[in-house]
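Chemist: Just passing along the structure, written as structure tokens.
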Amino acid sequence: MNFDVEKIRKDFPALNQEVYGKPLVYFDNAATSQKPRVVIDTLVSYYSGINSNVHRGVHYLSQQATEAFEQTRDLIRDYIHAKSNSEIIITKGATDSINLVANSFGRHFFKPGDEVIISATEHHANIVPWQVICKDTGSKLKVIPTDENGNLNLDSFKGLISHKTKIISVGHISNALGVVNPIREIIRIAHQNNIPVMIDGAQGIVHREVDVQELDCDFYCFSSHKFYGPMGVGILYGREKFLEQMPPYQTGGEMIKSVTFENTTFNELPFKFETGTPNVAGVIGFGAALEYIKKIGMPDIISYEDDLLKYALKKLNNLDYLQIYGNSQERAGVISFNLKDIHPYDAGTIIDKFGIAVRTGNHCAQPVMDFLGTTGTIRASMAFYNTREEVDRLLVAIEKVKEMFG
Amino acid sequence: MNFDVEKIRKDFPALNQEVYGKPLVYFDNAATSQKPRVVIDTLVSYYSGINSNVHRGVHYLSQQATEAFEQTRDLIRDYIHAKSNSEIIITKGATDSINLVANSFGRHFFKPGDEVIISATEHHANIVPWQVICKDTGSKLKVIPTDENGNLNLDSFKGLISHKTKIISVGHISNALGVVNPIREIIRIAHQNNIPVMIDGAQGIVHREVDVQELDCDFYCFSSHKFYGPMGVGILYGREKFLEQMPPYQTGGEMIKSVTFENTTFNELPFKFETGTPNVAGVIGFGAALEYIKKIGMPDIISYEDDLLKYALKKLNNLDYLQIYGNSQERAGVISFNLKDIHPYDAGTIIDKFGIAVRTGNHCAQPVMDFLGTTGTIRASMAFYNTREEVDRLLVAIEKVKEMFG
Amino acid sequence: MTITEKEHQVIEEFSLFDDWMDKYNYLIEMGKTTPIIDEKFKTEQYLISGCQSRVWLSAEMADGKVIFKADSDAVITKGIVNLLIRVLSNQTPEDILATDMEFVDKIGLKEHLSPTRSNGLTSMIKQMKLYALVYKTKKEQQN
Amino acid sequence: MTITEKEHQVIEEFSLFDDWMDKYNYLIEMGKTTPIIDEKFKTEQYLISGCQSRVWLSAEMADGKVIFKADSDAVITKGIVNLLIRVLSNQTPEDILATDMEFVDKIGLKEHLSPTRSNGLTSMIKQMKLYALVYKTKKEQQN
Ligand SMILES: Cc1ncc(COP(=O)(O)O)c(C=O)c1O
Ligand SMILES: Cc1ncc(COP(=O)(O)O)c(C=O)c1O
């Protein structure tokens, strides 16, 4: 493996800083990742150069910006192996993408009595939009149960499916526990019953290779900012067949063909779902992130991350006062834990003082916290630029916490 | 006046470039503005420093980012003189803001037979969302007519108002014609009838000082990217009284208080309307833009821009083969015109070759184009960094177009 | 003349122009020449989307060859579509389908025209090939 | 002791600590001390929002003074709220309303605690002042 983590770390300016006089350990990657220099440089050169509004502009800058913008769409399509650019919708984030589908698919396809299936380990972004649309359309939300380690129960899942099920939406990787869900199996079962499946890939895209055609999912979404790109950009992949049938979500400029006060006809895919001035800089910056990732190579990234995760788990498992959640065969990116009898907030406050950024709380996944019987956990989420030394430093901090509160 | 345009131009890296071997003249500011260096630098230092997800994070970076993010909200509140931060909602752009209000206000307050009033000179972003919600709720869209110069007819407006009118939404400054609408008068009349008013300030905020309390509007929205800030950020000001009553728009993380699969309770204002990871970098960058604008001083900016606009109008009026639209007493930022018998697209294509960025087409305001009896116009939209020399260069280009096609 | 021969002719003509102004003047000239479409074709049905100006394109078969006609409300657009017609009209459906329109790149049309415009260009070429495909299919069904 | 006197006491105590660790150890100690709230107050109604951990706060009047009691599921948070109680409890509503709680800044609580947390802190202080306001209003109505 040609993977040199020290060299890679140099690509990320934010990693090279001190916090409270100590070198930063950034273990909050599941919340948002740091950005390689090439992404930051792309933003600078965009705003110093071709910055302008895209589409419909005849002037040079607008042409350049449009070309760069649409080339990024090519890049994204290519990266996730979608069939065509019509299937790549630019949004402002994973949450926006899920709201789009819940709203547009839901309003079009749901009738009173219909059902939506999600899982017990979802992020709020993949719960609440479905709750709202179910309430609005008189449909019902059903939940795939999990065992105490965050493994979804596929037998129960099969039992939930009925002719009323209109869509299934599950996360690729749980952000609270790091469990990789059996989405292939879920998609296979769903499709046997002719039910479309949406995958919330906010964490999945970061730690796994994604081929939407091979996965055979109907929707897949993620955020740029968790995948080394700028903030304010999200992606929604949708199968053309469904996108064609779905009504527009937000409306305004760009997404229309013609407007009179009496009637409006909408533009073709993907523009039908993209209104207002897009985040051109952000999108082009995300293109730079994708190029960067491709250069490092996802297979190398995955094997390095898996190795680091295993190392961390082994070390943490040695501490008998730790409760580690999500002990699944398939896990990635995230370790969620608690020190027995110590509030995660207390622990997080002290760990922070060691210059280590972990997240504490419910991780926007309150139902799974309720299920685990805790108000929150400490979550260390890792990226391919993290190191074993950083894991060791986390251990030192944890031991100190134990000492202070134990 | 302490206003040195040559010095100011040096603050904007993108202005310092050549296009087709000629110094760029950027007259497409109404589509998106260029950014001062301090905005670009802020993005760089954010992404190289405190980049992290905001709210709920206990670690240092998250605290810093949250503080900077919320301080920008202070800055915005202060800039438009809103009463409290609860009234400042961060969106992804003006279009997003209008969709939010149309949806959330509309679904809550509209009953079949109700009416919405907009104007004949609106941008599609302030037409289509209202069309959609009217259709969904069985309400009716009414339109304030305009004269041939884009001046709204206030007598007709009074005639449109009825006890069924639920909201009035008009632009502050028309992006297609540059006409400044009599929004004070509209708000006064509306409030006499207890009807709330939304102002689409996408262009207004750029060329006028805005005090939402003094204006007494109920909603006011705009985009960062047209106001010298980064892309992917919009603002919605809303009167707390209405925001409190309105249901959330998008749902997911951040905007909730508690989630179970059965029930979700929502967070307080402004967070109730903000879900998903916000564009932290963009918001903080917009803060830098506001500081910059405040330093230059809006009164100076306005008087310089007005002077430049007058100069350009005088010059263009000398060309008898030009048709100039929007000849109103109150205009700002934009000159929309056509060369008689020459298609704007033909003209724009040639003007571009002179290194001059103008926009051609319907400017996302097809109804006003229909009304003017044209498929499109050439639009030169100016900012305080444009100069008289640049106007002169536009004139040379126009004369060349006349020569080639005339 | 075959399509390739016509392409070479066009490339040669454009090679004479030193600057963009001459190219555009040439396109403007082309925009003023026939064949102009019959008014009855200037309807929604024949409109090509994706251009900032309106372009109407019609096709008919004569002696086993496709005859294209077009018009646009913008002169430069009309010049471009007429250039395409000059190369593709009066050719067999098979030949039209087979060509990859190399000349478009070679004469700097793509480079000098915006993505908006080259989208328009792409739409025009796509539409022409579509007509060719329809006629080819019809012919095959008749055999 | 007046509020100001108590504030000075706290500021003095904190001035002895060289590093953050000592400050937190002190807060943890404070978190372990009484007055702990009665279990019956540990309900939604007494919960203060805006903190990552749960904080319950109750108040009652005795001899014209407000007595605060509080609890939290996190020790540090409990330490902080107990610190506030130490300064504000057993004071008149008027005095509580009048103070601007300077000591919070002076002992570096704001600086060392996150905005999330200082929001929690703000919420706590706000809630305490609200209680004081209620009691003040009640008193005035009785007169
Ligand atoms: C008057 C007006 N309203 C709304 C918009 C939409 O703004 P955005 O594209 O930033 O959402 C624009 C921008 O073109 C505008 O000029
Ligand atoms: C699994 C999952 N889904 C959705 C989201 C929401 O992503 P965003 O906040 O970028 O919209 C997140 C981010 O926290 C996540 O981890």
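In the structure tokens, the first chain shown is A, the next is B, and so on; residue numbers restart at 1 for each chain, and ligands run from 1 in the order shown.
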Would you give me, as a PDB file with N, CA and C atoms, in the first residue's frame, the residues in region 68-138 of chain D that DSSP reads as strand (DSSP E or B)?
Modeler:
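Written out: result_39.pdb:
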```pdb
ATOM      1  N   PHE D  68     -32.813  28.812  45.743  1.00  0.00           N
ATOM      2  CA  PHE D  68     -32.738  27.983  44.536  1.00  0.00           C
ATOM      3  C   PHE D  68     -32.215  26.603  44.897  1.00  0.00           C
ATOM      4  N   LYS D  69     -32.757  25.618  44.203  1.00  0.00           N
ATOM      5  CA  LYS D  69     -32.160  24.291  44.287  1.00  0.00           C
ATOM      6  C   LYS D  69     -32.057  23.730  42.873  1.00  0.00           C
ATOM      7  N   ALA D  70     -31.077  22.889  42.649  1.00  0.00           N
ATOM      8  CA  ALA D  70     -30.878  22.413  41.282  1.00  0.00           C
ATOM      9  C   ALA D  70     -30.209  21.056  41.273  1.00  0.00           C
ATOM     10  N   ASP D  71     -30.313  20.405  40.149  1.00  0.00           N
ATOM     11  CA  ASP D  71     -29.569  19.172  39.954  1.00  0.00           C
ATOM     12  C   ASP D  71     -29.297  19.017  38.458  1.00  0.00           C
ATOM     13  N   SER D  72     -28.341  18.182  38.145  1.00  0.00           N
ATOM     14  CA  SER D  72     -28.062  17.886  36.738  1.00  0.00           C
ATOM     15  C   SER D  72     -27.530  16.475  36.653  1.00  0.00           C
ATOM     16  N   GLN D  91     -31.045  35.447  48.410  1.00  0.00           N
ATOM     17  CA  GLN D  91     -30.990  36.888  48.165  1.00  0.00           C
ATOM     18  C   GLN D  91     -32.406  37.369  47.844  1.00  0.00           C
TER      19      GLN D  91
END
```
Chemist: Enumerate, as a PyMOL selection string, the complete set of residues in region 242-342 of chain A that a backbone-based DSSP assignment places in helix (DSSP H, G or I).
Modeler: chain A and resi 242-245+271-273+280-296+298-317
Chemist: Around ligand 1, which protein and nucleic acid residues have at least one atom no more than 6 Å from it, if we count only C-alpha atoms and all ligand atoms? List them as a PyMOL selection string.
Modeler: (chain A and resi 276-277) or (chain B and resi 31+93-95+123+125+171+174-175+200+202-203+223)
Chemist: Write the residues of the preceding selection, restricted to N, CA and C atoms, as a PDB file, in the first residue's frame.
Modeler:
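This is the output file selection_39.pdb:
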```pdb
ATOM      1  N   GLY A 276     -32.991  28.473  -8.132  1.00  0.00           N
ATOM      2  CA  GLY A 276     -32.157  29.490  -7.493  1.00  0.00           C
ATOM      3  C   GLY A 276     -30.719  29.337  -7.947  1.00  0.00           C
ATOM      4  N   THR A 277     -29.928  30.338  -7.650  1.00  0.00           N
ATOM      5  CA  THR A 277     -28.514  30.280  -7.990  1.00  0.00           C
ATOM      6  C   THR A 277     -27.864  29.165  -7.196  1.00  0.00           C
TER       7      THR A 277
ATOM      8  N   ALA B  31     -26.732  39.286 -11.446  1.00  0.00           N
ATOM      9  CA  ALA B  31     -26.755  37.817 -11.421  1.00  0.00           C
ATOM     10  C   ALA B  31     -25.955  37.315 -10.229  1.00  0.00           C
ATOM     11  N   GLY B  93     -30.459  30.717  -0.092  1.00  0.00           N
ATOM     12  CA  GLY B  93     -30.539  31.796  -1.067  1.00  0.00           C
ATOM     13  C   GLY B  93     -31.909  32.439  -1.033  1.00  0.00           C
ATOM     14  N   ALA B  94     -32.074  33.506  -1.793  1.00  0.00           N
ATOM     15  CA  ALA B  94     -33.360  34.196  -1.806  1.00  0.00           C
ATOM     16  C   ALA B  94     -34.480  33.255  -2.243  1.00  0.00           C
ATOM     17  N   THR B  95     -34.194  32.431  -3.233  1.00  0.00           N
ATOM     18  CA  THR B  95     -35.207  31.497  -3.729  1.00  0.00           C
ATOM     19  C   THR B  95     -35.654  30.555  -2.617  1.00  0.00           C
ATOM     20  N   HIS B 123     -39.369  38.516 -10.286  1.00  0.00           N
ATOM     21  CA  HIS B 123     -38.479  37.421 -10.672  1.00  0.00           C
ATOM     22  C   HIS B 123     -39.264  36.105 -10.504  1.00  0.00           C
ATOM     23  N   ALA B 125     -38.597  33.586  -9.043  1.00  0.00           N
ATOM     24  CA  ALA B 125     -38.510  33.096  -7.661  1.00  0.00           C
ATOM     25  C   ALA B 125     -39.624  33.671  -6.798  1.00  0.00           C
ATOM     26  N   GLY B 171     -41.140  42.616  -5.093  1.00  0.00           N
ATOM     27  CA  GLY B 171     -39.711  42.865  -5.117  1.00  0.00           C
ATOM     28  C   GLY B 171     -39.399  44.287  -4.661  1.00  0.00           C
ATOM     29  N   SER B 174     -36.660  45.671  -9.099  1.00  0.00           N
ATOM     30  CA  SER B 174     -36.829  44.686 -10.164  1.00  0.00           C
ATOM     31  C   SER B 174     -35.483  44.322 -10.765  1.00  0.00           C
ATOM     32  N   ASN B 175     -35.199  43.022 -10.857  1.00  0.00           N
ATOM     33  CA  ASN B 175     -33.902  42.611 -11.397  1.00  0.00           C
ATOM     34  C   ASN B 175     -33.864  42.748 -12.912  1.00  0.00           C
ATOM     35  N   ASP B 200     -39.104  40.795  -1.581  1.00  0.00           N
ATOM     36  CA  ASP B 200     -37.985  40.086  -2.194  1.00  0.00           C
ATOM     37  C   ASP B 200     -36.875  41.108  -2.399  1.00  0.00           C
ATOM     38  N   ALA B 202     -33.657  40.628  -3.024  1.00  0.00           N
ATOM     39  CA  ALA B 202     -32.436  40.102  -3.654  1.00  0.00           C
ATOM     40  C   ALA B 202     -31.636  41.224  -4.315  1.00  0.00           C
ATOM     41  N   GLN B 203     -32.323  42.161  -4.972  1.00  0.00           N
ATOM     42  CA  GLN B 203     -31.630  43.310  -5.554  1.00  0.00           C
ATOM     43  C   GLN B 203     -31.658  44.511  -4.608  1.00  0.00           C
ATOM     44  N   SER B 223     -29.990  37.200  -0.983  1.00  0.00           N
ATOM     45  CA  SER B 223     -28.921  36.209  -1.145  1.00  0.00           C
ATOM     46  C   SER B 223     -27.580  36.849  -0.831  1.00  0.00           C
TER      47      SER B 223
END
```
Chemist: Env of region 280-297 of chain B: 8 Å cut, atoms = only C-alpha atoms, seq-sep filter 2 positions within chain, self excluded. Answer as a tab-separated table (two decimals) with N, CA, C and O atoms, in the first residue's frame.
Modeler:
```tsv
chain	number	residue	atom	x	y	z
A	231	MET	N	-18.80	23.21	2.45
A	231	MET	CA	-20.14	23.16	3.04
A	231	MET	C	-21.17	23.72	2.06
A	231	MET	O	-20.83	24.42	1.11
A	232	GLY	N	-22.43	23.41	2.33
A	232	GLY	CA	-23.50	24.01	1.53
A	232	GLY	C	-23.75	23.31	0.21
A	232	GLY	O	-24.38	23.88	-0.68
B	3	PHE	N	-14.52	58.28	-1.56
B	3	PHE	CA	-14.78	57.06	-2.29
B	3	PHE	C	-13.81	56.96	-3.47
B	3	PHE	O	-13.92	57.70	-4.43
B	35	LYS	N	-16.40	39.20	-5.29
B	35	LYS	CA	-16.18	39.17	-3.84
B	35	LYS	C	-14.90	39.90	-3.46
B	35	LYS	O	-13.86	39.66	-4.08
B	36	PRO	N	-14.97	40.71	-2.44
B	36	PRO	CA	-13.73	41.34	-1.98
B	36	PRO	C	-12.78	40.31	-1.39
B	36	PRO	O	-13.22	39.26	-0.90
B	38	VAL	N	-11.27	40.10	1.25
B	38	VAL	CA	-11.46	39.75	2.66
B	38	VAL	C	-12.48	38.61	2.82
B	38	VAL	O	-12.38	37.79	3.73
B	39	VAL	N	-13.42	38.52	1.90
B	39	VAL	CA	-14.38	37.41	1.94
B	39	VAL	C	-13.66	36.10	1.59
B	39	VAL	O	-13.82	35.08	2.28
B	40	ILE	N	-12.85	36.15	0.54
B	40	ILE	CA	-12.12	34.95	0.12
B	40	ILE	C	-11.16	34.52	1.23
B	40	ILE	O	-11.08	33.34	1.58
B	42	THR	N	-11.46	35.04	4.36
B	42	THR	CA	-12.22	34.49	5.48
B	42	THR	C	-12.54	33.02	5.24
B	42	THR	O	-12.44	32.19	6.16
B	43	LEU	N	-12.90	32.69	4.00
B	43	LEU	CA	-13.16	31.28	3.68
B	43	LEU	C	-11.90	30.45	3.89
B	43	LEU	O	-11.94	29.37	4.49
B	46	TYR	N	-11.16	30.14	7.57
B	46	TYR	CA	-12.12	29.23	8.20
B	46	TYR	C	-11.76	27.76	7.91
B	46	TYR	O	-11.64	26.95	8.83
B	47	TYR	N	-11.57	27.46	6.63
B	47	TYR	CA	-11.32	26.06	6.26
B	47	TYR	C	-9.93	25.58	6.71
B	47	TYR	O	-9.68	24.38	6.79
B	51	ASN	N	-12.76	25.19	11.01
B	51	ASN	CA	-13.78	24.39	10.32
B	51	ASN	C	-14.31	23.24	11.17
B	51	ASN	O	-13.56	22.35	11.57
B	53	ASN	N	-18.46	21.39	12.59
B	53	ASN	CA	-19.91	21.52	12.60
B	53	ASN	C	-20.34	22.33	13.82
B	53	ASN	O	-19.71	22.26	14.87
B	54	VAL	N	-21.40	23.11	13.66
B	54	VAL	CA	-21.78	24.04	14.71
B	54	VAL	C	-22.87	23.48	15.62
B	54	VAL	O	-23.51	22.50	15.31
B	65	ALA	N	-16.43	27.81	15.89
B	65	ALA	CA	-17.24	27.93	14.68
B	65	ALA	C	-18.66	28.40	15.03
B	65	ALA	O	-19.22	29.25	14.36
B	68	ALA	N	-18.56	32.10	15.85
B	68	ALA	CA	-18.41	32.93	14.65
B	68	ALA	C	-19.71	32.92	13.84
B	68	ALA	O	-20.15	33.94	13.30
B	69	PHE	N	-20.33	31.77	13.78
B	69	PHE	CA	-21.59	31.63	13.04
B	69	PHE	C	-22.67	32.49	13.67
B	69	PHE	O	-23.35	33.27	13.00
B	72	THR	N	-22.23	36.16	13.26
B	72	THR	CA	-22.66	36.66	11.95
B	72	THR	C	-24.17	36.91	11.97
B	72	THR	O	-24.66	37.86	11.36
B	75	LEU	N	-24.61	40.19	13.36
B	75	LEU	CA	-24.22	41.19	12.38
B	75	LEU	C	-25.35	41.44	11.38
B	75	LEU	O	-25.64	42.59	11.02
B	76	ILE	N	-25.95	40.37	10.93
B	76	ILE	CA	-27.04	40.48	9.95
B	76	ILE	C	-28.24	41.17	10.61
B	76	ILE	O	-28.83	42.09	10.04
B	79	TYR	N	-27.46	44.69	10.85
B	79	TYR	CA	-27.38	45.38	9.55
B	79	TYR	C	-28.77	45.75	9.03
B	79	TYR	O	-28.96	46.83	8.47
B	224	SER	N	-26.73	36.10	-0.17
B	224	SER	CA	-25.37	36.56	0.09
B	224	SER	C	-24.60	36.82	-1.21
B	224	SER	O	-23.91	37.82	-1.35
B	227	PHE	N	-24.63	40.06	-2.85
B	227	PHE	CA	-24.27	41.15	-1.95
B	227	PHE	C	-22.84	40.96	-1.46
B	227	PHE	O	-22.55	41.16	-0.30
B	228	TYR	N	-21.98	40.53	-2.39
B	228	TYR	CA	-20.53	40.48	-2.17
B	228	TYR	C	-20.09	39.34	-1.25
B	228	TYR	O	-18.91	39.26	-0.90
B	229	GLY	N	-21.01	38.49	-0.87
B	229	GLY	CA	-20.66	37.36	-0.03
B	229	GLY	C	-20.58	36.07	-0.83
B	229	GLY	O	-20.83	36.05	-2.05
B	230	PRO	N	-20.26	34.95	-0.17
B	230	PRO	CA	-20.14	33.66	-0.86
B	230	PRO	C	-21.49	33.13	-1.36
B	230	PRO	O	-22.55	33.59	-0.93
B	231	MET	N	-21.42	32.17	-2.23
B	231	MET	CA	-22.61	31.50	-2.74
B	231	MET	C	-23.16	30.51	-1.71
B	231	MET	O	-22.45	30.10	-0.80
B	232	GLY	N	-24.41	30.15	-1.89
B	232	GLY	CA	-25.00	29.11	-1.05
B	232	GLY	C	-25.48	29.60	0.29
B	232	GLY	O	-25.68	28.79	1.20
B	233	VAL	N	-25.69	30.91	0.42
B	233	VAL	CA	-26.21	31.45	1.68
B	233	VAL	C	-27.31	32.47	1.36
B	233	VAL	O	-27.13	33.34	0.50
B	277	THR	N	-26.72	20.52	8.40
B	277	THR	CA	-25.52	21.30	8.65
B	277	THR	C	-25.59	22.58	7.84
B	277	THR	O	-25.73	22.53	6.63
B	278	PRO	N	-25.50	23.73	8.49
B	278	PRO	CA	-25.55	24.96	7.70
B	278	PRO	C	-24.24	25.18	6.95
B	278	PRO	O	-23.25	24.51	7.22
B	299	PRO	N	-24.14	54.69	2.24
B	299	PRO	CA	-24.51	55.97	1.62
B	299	PRO	C	-23.56	56.35	0.48
B	299	PRO	O	-24.01	56.76	-0.59
B	300	ASP	N	-22.26	56.15	0.68
B	300	ASP	CA	-21.32	56.44	-0.39
B	300	ASP	C	-21.52	55.52	-1.59
B	300	ASP	O	-21.43	55.93	-2.74
B	301	ILE	N	-21.75	54.26	-1.28
B	301	ILE	CA	-21.98	53.29	-2.35
B	301	ILE	C	-23.18	53.71	-3.19
B	301	ILE	O	-23.13	53.74	-4.42
```
Chemist: Find the spatial neighbours of region 254-259 of chain B, counting only C-alpha atoms, within a cut-off of 12 Å - ignore same-chain residues fewer than 6 positions away - and output them as a PyMOL selection string.
Modeler: (chain A and resi 95+120+122-129+131+362-370+375) or (chain B and resi 53-57+89+247-248+265-278) or (chain D and resi 49-52)
Chemist: Determine, counting only C-alpha atoms, which protein, DNA and RNA residues have an atom within 10 Å of an atom of Arg359 (chain A); residues of the same chain fewer than 6 positions away are not included. Present the result as a PyMOL selection string.
Modeler: (chain A and resi 27-31+336+344-345+348-349+351-352+376-381) or (chain B and resi 53+56-59+62)
Chemist: Would you save the residues from that selection as an mmCIF file, in the first residue's frame, using N, CA, C and O atoms?
Modeler:
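Listed below is the output, part_24.cif:
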```
data_model
loop_
_atom_site.group_PDB
_atom_site.id
_atom_site.type_symbol
_atom_site.label_atom_id
_atom_site.label_comp_id
_atom_site.auth_asym_id
_atom_site.auth_seq_id
_atom_site.Cartn_x
_atom_site.Cartn_y
_atom_site.Cartn_z
ATOM 1 N N PHE A 27 -11.257 14.187 15.801
ATOM 2 C CA PHE A 27 -12.038 12.944 15.757
ATOM 3 C C PHE A 27 -13.527 13.249 15.645
ATOM 4 O O PHE A 27 -14.352 12.525 16.185
ATOM 5 N N ASP A 28 -13.847 14.350 14.947
ATOM 6 C CA ASP A 28 -15.271 14.677 14.752
ATOM 7 C C ASP A 28 -15.608 14.678 13.258
ATOM 8 O O ASP A 28 -16.376 15.501 12.770
ATOM 9 N N ASN A 29 -15.026 13.725 12.579
ATOM 10 C CA ASN A 29 -15.178 13.680 11.127
ATOM 11 C C ASN A 29 -16.574 13.334 10.657
ATOM 12 O O ASN A 29 -16.983 13.727 9.569
ATOM 13 N N ALA A 30 -17.322 12.598 11.465
ATOM 14 C CA ALA A 30 -18.682 12.258 11.048
ATOM 15 C C ALA A 30 -19.576 13.494 11.065
ATOM 16 O O ALA A 30 -20.606 13.530 10.394
ATOM 17 N N ALA A 31 -19.186 14.512 11.823
ATOM 18 C CA ALA A 31 -19.950 15.756 11.828
ATOM 19 C C ALA A 31 -19.595 16.593 10.608
ATOM 20 O O ALA A 31 -20.465 17.037 9.854
ATOM 21 N N SER A 336 -18.572 4.731 19.158
ATOM 22 C CA SER A 336 -19.444 5.397 20.104
ATOM 23 C C SER A 336 -19.313 4.669 21.441
ATOM 24 O O SER A 336 -19.392 3.455 21.487
ATOM 25 N N PRO A 344 -21.584 11.633 29.351
ATOM 26 C CA PRO A 344 -20.742 11.903 28.179
ATOM 27 C C PRO A 344 -20.349 13.380 28.083
ATOM 28 O O PRO A 344 -19.262 13.701 27.596
ATOM 29 N N TYR A 345 -21.200 14.239 28.579
ATOM 30 C CA TYR A 345 -20.877 15.654 28.524
ATOM 31 C C TYR A 345 -19.687 15.971 29.434
ATOM 32 O O TYR A 345 -18.789 16.737 29.047
ATOM 33 N N GLY A 348 -16.650 14.533 27.629
ATOM 34 C CA GLY A 348 -16.296 15.317 26.443
ATOM 35 C C GLY A 348 -15.627 16.626 26.811
ATOM 36 O O GLY A 348 -14.689 17.072 26.133
ATOM 37 N N THR A 349 -16.106 17.231 27.885
ATOM 38 C CA THR A 349 -15.534 18.510 28.310
ATOM 39 C C THR A 349 -14.064 18.352 28.672
ATOM 40 O O THR A 349 -13.235 19.199 28.331
ATOM 41 N N ILE A 351 -12.049 15.710 27.711
ATOM 42 C CA ILE A 351 -11.300 15.239 26.528
ATOM 43 C C ILE A 351 -10.937 16.431 25.638
ATOM 44 O O ILE A 351 -9.829 16.514 25.100
ATOM 45 N N ASP A 352 -11.879 17.352 25.513
ATOM 46 C CA ASP A 352 -11.627 18.569 24.723
ATOM 47 C C ASP A 352 -10.377 19.287 25.194
ATOM 48 O O ASP A 352 -9.600 19.795 24.387
ATOM 49 N N GLY A 376 -26.894 9.966 25.707
ATOM 50 C CA GLY A 376 -25.904 10.312 24.694
ATOM 51 C C GLY A 376 -24.681 9.447 24.815
ATOM 52 O O GLY A 376 -24.564 8.629 25.739
ATOM 53 N N THR A 377 -23.778 9.606 23.860
ATOM 54 C CA THR A 377 -22.518 8.873 23.898
ATOM 55 C C THR A 377 -21.384 9.835 23.551
ATOM 56 O O THR A 377 -21.620 10.951 23.137
ATOM 57 N N ILE A 378 -20.190 9.331 23.729
ATOM 58 C CA ILE A 378 -19.006 10.018 23.214
ATOM 59 C C ILE A 378 -18.702 9.360 21.877
ATOM 60 O O ILE A 378 -18.670 8.127 21.790
ATOM 61 N N ARG A 379 -18.540 10.166 20.859
ATOM 62 C CA ARG A 379 -18.299 9.581 19.544
ATOM 63 C C ARG A 379 -16.963 10.058 18.998
ATOM 64 O O ARG A 379 -16.741 11.242 18.828
ATOM 65 N N ALA A 380 -16.074 9.094 18.749
ATOM 66 C CA ALA A 380 -14.829 9.410 18.056
ATOM 67 C C ALA A 380 -15.003 8.928 16.627
ATOM 68 O O ALA A 380 -15.208 7.741 16.397
ATOM 69 N N SER A 381 -14.982 9.845 15.679
ATOM 70 C CA SER A 381 -15.178 9.435 14.287
ATOM 71 C C SER A 381 -13.925 9.781 13.495
ATOM 72 O O SER A 381 -13.402 10.878 13.572
ATOM 73 N N ASN B 53 -18.461 21.389 12.588
ATOM 74 C CA ASN B 53 -19.909 21.524 12.598
ATOM 75 C C ASN B 53 -20.343 22.332 13.816
ATOM 76 O O ASN B 53 -19.709 22.260 14.867
ATOM 77 N N ARG B 56 -24.227 22.322 19.551
ATOM 78 C CA ARG B 56 -24.133 21.034 20.239
ATOM 79 C C ARG B 56 -22.735 20.438 20.379
ATOM 80 O O ARG B 56 -22.578 19.403 21.005
ATOM 81 N N GLY B 57 -21.732 21.026 19.752
ATOM 82 C CA GLY B 57 -20.402 20.436 19.893
ATOM 83 C C GLY B 57 -19.718 21.003 21.118
ATOM 84 O O GLY B 57 -19.732 22.205 21.334
ATOM 85 N N VAL B 58 -19.115 20.153 21.966
ATOM 86 C CA VAL B 58 -18.413 20.691 23.129
ATOM 87 C C VAL B 58 -16.961 21.018 22.822
ATOM 88 O O VAL B 58 -16.306 21.692 23.591
ATOM 89 N N HIS B 59 -16.442 20.508 21.694
ATOM 90 C CA HIS B 59 -15.006 20.703 21.500
ATOM 91 C C HIS B 59 -14.691 22.101 20.979
ATOM 92 O O HIS B 59 -15.536 22.802 20.449
ATOM 93 N N SER B 62 -15.568 23.420 17.385
ATOM 94 C CA SER B 62 -17.010 23.566 17.227
ATOM 95 C C SER B 62 -17.514 24.791 17.983
ATOM 96 O O SER B 62 -18.412 25.502 17.527
#
```
Chemist: For each of B:Ser52, B:Glu389, B:His343, B:Gly113, take the minimum atom-to-atom distance to ligand 2, counting only C-alpha atoms and all ligand atoms, then give the residue where this is smallest.
Modeler: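 Using only C-alpha atoms and all ligand atoms, the shortest distance to ligand 2 belongs to B:Ser52.
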Chemist: Name the closest residue to Gln329 (chain A) among the candidates A:Val179, A:Leu313, A:Ala383, A:Ile235; distances are taken between atoms, counting only C-alpha atoms.
Modeler: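 Looking only at the distances to Gln329 (chain A), the closest residue turns out to be A:Val179.
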